[in-house]
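Structure record follows, encoded as structure tokens.
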2 protein chains.
Amino acid sequence: MSGGMDERSGTTAVDGEEDDLLLQLRRLEISDNAKGFVELLSQLSTATAPLSDADFRARFADLAALGDDHLIVVAEDRQAGRIVATGSVFIERKFLHGGGKVGHIEDVVVDAAARRRRLGQRVVRYLSNHAKAAGCYKVILDCTPDLRSFYEKCGFTEKTIQMALYF
Amino acid sequence: MSGGMDERSGTTAVDGEEDDLLLQLRRLEISDNAKGFVELLSQLSTATAPLSDADFRARFADLAALGDDHLIVVAEDRQAGRIVATGSVFIERKFLHGGGKVGHIEDVVVDAAARRRRLGQRVVRYLSNHAKAAGCYKVILDCTPDLRSFYEKCGFTEKTIQMALYF
């Protein structure tokens with residue numbers, strides 16, 4: 001993020017919009033399970049089951065062990081104490097491209113009640129910036145065709161197709 | 001892999017084709033750099049630069065640290081001592097789907113001189129089986145549309161589009 005420091009919290013605030021001080025983009029924290037993080041994900045997929053606090057903590061620890069190779073960003077509405085947007089990126093290390101790295105963006109979602117604040121673009125920019133800073137030569141993601149124009153606004157270009165095999 | 005044990009090497013052999021004893025699907029080993037592994041990848045992308053042995057070893061160690069969450073399979077032509085096919089899968093742990101896992105297949109390539117032996121299908125099956133055994137609910141991959149029918153033969157279905165942002 002290119003935002004300035006928020007003097008109140010000491011963390012980096014989002015920039016350029018009037019609700020800066022009320023919305024903070026930051027890494028997922030273990031306390032975010034109580035702020036509706038998994039419920040927010042359920043807006044992305046009907047198949048999302050609730051997670052027990054123990055399961056949430058276990059998965060959080062799995063991902064924390066990956067360090068900067070896996071990042072989940074959340075936007076917290078600080079007045080409401082709720083997570084209103086999120087997205088993740090994991091960094092794949094390849095033998096291709098002289099040992100290059102690729103960022104994979106996954107699970108971008110904005111609360112239906114928090115649209116029209118460019119939160120989606122800010123989440124994608126945060127994740128893309130992280131991948132770039134980590135040395136990736138590109139970031140990629142899969143989406144339905146109706147999201148093509150949104151990701152084009154974020155600087156992405158349509159490249160290939162995604163195939164899936166369900167077990 | 002569903003193949004039986006190869007009594008000569010004690011490793012799992014590929015099954016169902018007459019060249020079983022000469023072609024072995026197995027995990028990438030650090031000695032495979034001398035067997036043309038990176039050269040084979042260069043058939044996949046013109047942007048693939050050679051890797052020094054030190055860089056190969058460093059990347060190998062990065063990936064080995066991920067344990068079963070990252071697997072590179074290679075098919076070695078044991079007569080020639082060359083790697084003739086490869087593919088990788090990494091396992092992403094999500095908060096979605098009740099803490100589900102997704103396998104991401106990447107960098108599948110068969111040596112142009114070793115086509116027509118179903119090596120591609122065998123590589124994809126090996127990777128898919130690994131993801132399934134690891135508890136993934138699906139495996140996904142991105143490919144150009146001309147490979148759609150190949151992946152359909154492997155059981156995959158076209159789902160979405162891939163978008164990319166290059167740095």
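Convention: chains lettered A, B, ... in structure tokens order; per-chain residue numbering from 1; ligands numbered from 1 as shown.
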Interface list for chain A, partner chain B, 9 Å threshold, only C-alpha atoms, as an NGL selection string: :A and (38 or 41-42 or 44-52 or 55-56 or 59-60 or 62-63 or 66 or 90 or 92-100 or 107 or 128 or 132 or 136-145 or 148 or 151-152 or 154-167)
Nearby residues (only C-alpha atoms) at most 9 Å from Val123 in chain A, same-chain spacing under 3 positions excluded, as a ChimeraX atom specification = /A:25,73-75,85-88,108-110,118-120,126-128
Take the residues just selected and output them with N, CA, C and O atoms as a PDB file, in the first residue's frame.
ATOM      1  N   LEU A  25      -6.933  -1.267   5.804  1.00  0.00           N
ATOM      2  CA  LEU A  25      -6.496  -2.505   5.154  1.00  0.00           C
ATOM      3  C   LEU A  25      -5.264  -3.010   5.889  1.00  0.00           C
ATOM      4  O   LEU A  25      -4.287  -2.285   6.069  1.00  0.00           O
ATOM      5  N   VAL A  73      -5.307 -10.193   3.210  1.00  0.00           N
ATOM      6  CA  VAL A  73      -5.589  -8.817   3.617  1.00  0.00           C
ATOM      7  C   VAL A  73      -7.070  -8.722   3.979  1.00  0.00           C
ATOM      8  O   VAL A  73      -7.909  -9.406   3.378  1.00  0.00           O
ATOM      9  N   VAL A  74      -7.357  -7.908   4.969  1.00  0.00           N
ATOM     10  CA  VAL A  74      -8.745  -7.626   5.315  1.00  0.00           C
ATOM     11  C   VAL A  74      -8.918  -6.117   5.425  1.00  0.00           C
ATOM     12  O   VAL A  74      -7.980  -5.385   5.750  1.00  0.00           O
ATOM     13  N   ALA A  75     -10.132  -5.671   5.113  1.00  0.00           N
ATOM     14  CA  ALA A  75     -10.515  -4.286   5.382  1.00  0.00           C
ATOM     15  C   ALA A  75     -11.478  -4.326   6.550  1.00  0.00           C
ATOM     16  O   ALA A  75     -12.520  -4.983   6.479  1.00  0.00           O
ATOM     17  N   ALA A  85     -14.110  -6.586   3.708  1.00  0.00           N
ATOM     18  CA  ALA A  85     -13.512  -7.007   2.437  1.00  0.00           C
ATOM     19  C   ALA A  85     -12.270  -7.829   2.735  1.00  0.00           C
ATOM     20  O   ALA A  85     -11.620  -7.625   3.770  1.00  0.00           O
ATOM     21  N   THR A  86     -11.961  -8.741   1.839  1.00  0.00           N
ATOM     22  CA  THR A  86     -10.757  -9.544   2.016  1.00  0.00           C
ATOM     23  C   THR A  86     -10.286 -10.089   0.680  1.00  0.00           C
ATOM     24  O   THR A  86     -10.999 -10.043  -0.328  1.00  0.00           O
ATOM     25  N   GLY A  87      -9.080 -10.605   0.691  1.00  0.00           N
ATOM     26  CA  GLY A  87      -8.504 -11.284  -0.463  1.00  0.00           C
ATOM     27  C   GLY A  87      -7.190 -11.894  -0.017  1.00  0.00           C
ATOM     28  O   GLY A  87      -6.625 -11.494   1.008  1.00  0.00           O
ATOM     29  N   SER A  88      -6.713 -12.891  -0.762  1.00  0.00           N
ATOM     30  CA  SER A  88      -5.453 -13.533  -0.373  1.00  0.00           C
ATOM     31  C   SER A  88      -4.531 -13.662  -1.578  1.00  0.00           C
ATOM     32  O   SER A  88      -4.970 -13.606  -2.733  1.00  0.00           O
ATOM     33  N   VAL A 108     -11.167 -13.128  -3.262  1.00  0.00           N
ATOM     34  CA  VAL A 108     -11.432 -11.696  -3.103  1.00  0.00           C
ATOM     35  C   VAL A 108     -12.939 -11.505  -2.928  1.00  0.00           C
ATOM     36  O   VAL A 108     -13.723 -11.970  -3.763  1.00  0.00           O
ATOM     37  N   VAL A 109     -13.329 -10.862  -1.869  1.00  0.00           N
ATOM     38  CA  VAL A 109     -14.760 -10.628  -1.647  1.00  0.00           C
ATOM     39  C   VAL A 109     -14.956  -9.326  -0.875  1.00  0.00           C
ATOM     40  O   VAL A 109     -14.172  -8.975   0.010  1.00  0.00           O
ATOM     41  N   VAL A 110     -15.990  -8.603  -1.275  1.00  0.00           N
ATOM     42  CA  VAL A 110     -16.384  -7.364  -0.588  1.00  0.00           C
ATOM     43  C   VAL A 110     -17.802  -7.573  -0.070  1.00  0.00           C
ATOM     44  O   VAL A 110     -18.670  -8.075  -0.793  1.00  0.00           O
ATOM     45  N   ARG A 118     -14.857   1.209  -3.756  1.00  0.00           N
ATOM     46  CA  ARG A 118     -13.607   0.760  -4.381  1.00  0.00           C
ATOM     47  C   ARG A 118     -12.816  -0.180  -3.482  1.00  0.00           C
ATOM     48  O   ARG A 118     -11.592  -0.275  -3.600  1.00  0.00           O
ATOM     49  N   LEU A 119     -13.474  -0.821  -2.573  1.00  0.00           N
ATOM     50  CA  LEU A 119     -12.769  -1.730  -1.673  1.00  0.00           C
ATOM     51  C   LEU A 119     -12.154  -2.896  -2.436  1.00  0.00           C
ATOM     52  O   LEU A 119     -11.049  -3.338  -2.129  1.00  0.00           O
ATOM     53  N   GLY A 120     -12.873  -3.398  -3.449  1.00  0.00           N
ATOM     54  CA  GLY A 120     -12.349  -4.515  -4.238  1.00  0.00           C
ATOM     55  C   GLY A 120     -11.042  -4.139  -4.905  1.00  0.00           C
ATOM     56  O   GLY A 120     -10.050  -4.873  -4.834  1.00  0.00           O
ATOM     57  N   TYR A 126      -3.540  -4.027  -3.045  1.00  0.00           N
ATOM     58  CA  TYR A 126      -2.731  -4.409  -1.877  1.00  0.00           C
ATOM     59  C   TYR A 126      -2.043  -5.757  -2.137  1.00  0.00           C
ATOM     60  O   TYR A 126      -0.834  -5.912  -1.898  1.00  0.00           O
ATOM     61  N   LEU A 127      -2.805  -6.710  -2.645  1.00  0.00           N
ATOM     62  CA  LEU A 127      -2.265  -8.053  -2.900  1.00  0.00           C
ATOM     63  C   LEU A 127      -1.235  -8.024  -4.034  1.00  0.00           C
ATOM     64  O   LEU A 127      -0.185  -8.678  -3.950  1.00  0.00           O
ATOM     65  N   SER A 128      -1.541  -7.263  -5.086  1.00  0.00           N
ATOM     66  CA  SER A 128      -0.612  -7.158  -6.214  1.00  0.00           C
ATOM     67  C   SER A 128       0.689  -6.500  -5.777  1.00  0.00           C
ATOM     68  O   SER A 128       1.786  -6.932  -6.158  1.00  0.00           O
TER      69      SER A 128
END
Point to revise | DSSP-assigned strand (DSSP E) among range 19-163 of chain B, expressed as a count of residues only | key: 50
Taken to one decimal, the CA of Ala113 in chain B-CA of Phe150 in chain B distance is 18.1 Å
| query | Could you write out, as an NGL selection string, all the residues of range 83-165 of chain B that DSSP marks as helix (DSSP H, G or I)? | reply | :B and (96-99 or 112-114 or 119-133 or 145-153)
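Distances here use only C-alpha atoms; by that measure, the residue among A:Asp111, A:Asp32, A:Asp69, A:Asp53 closest to Ala134 in chain A is A:Asp69.
Here CA of Arg78 in chain B and CA of Ser31 in chain B stand 13.6 Å from one another.
For the pair CA of Arg57 in chain B and CA of His130 in chain A, the interatomic distance is 25.6 Å.
In this comparison, which uses only C-alpha atoms, the residue of B:Glu29, B:Gly36, B:Ile91, B:Gln43 approaching Ala64 in chain B most closely is B:Glu29.
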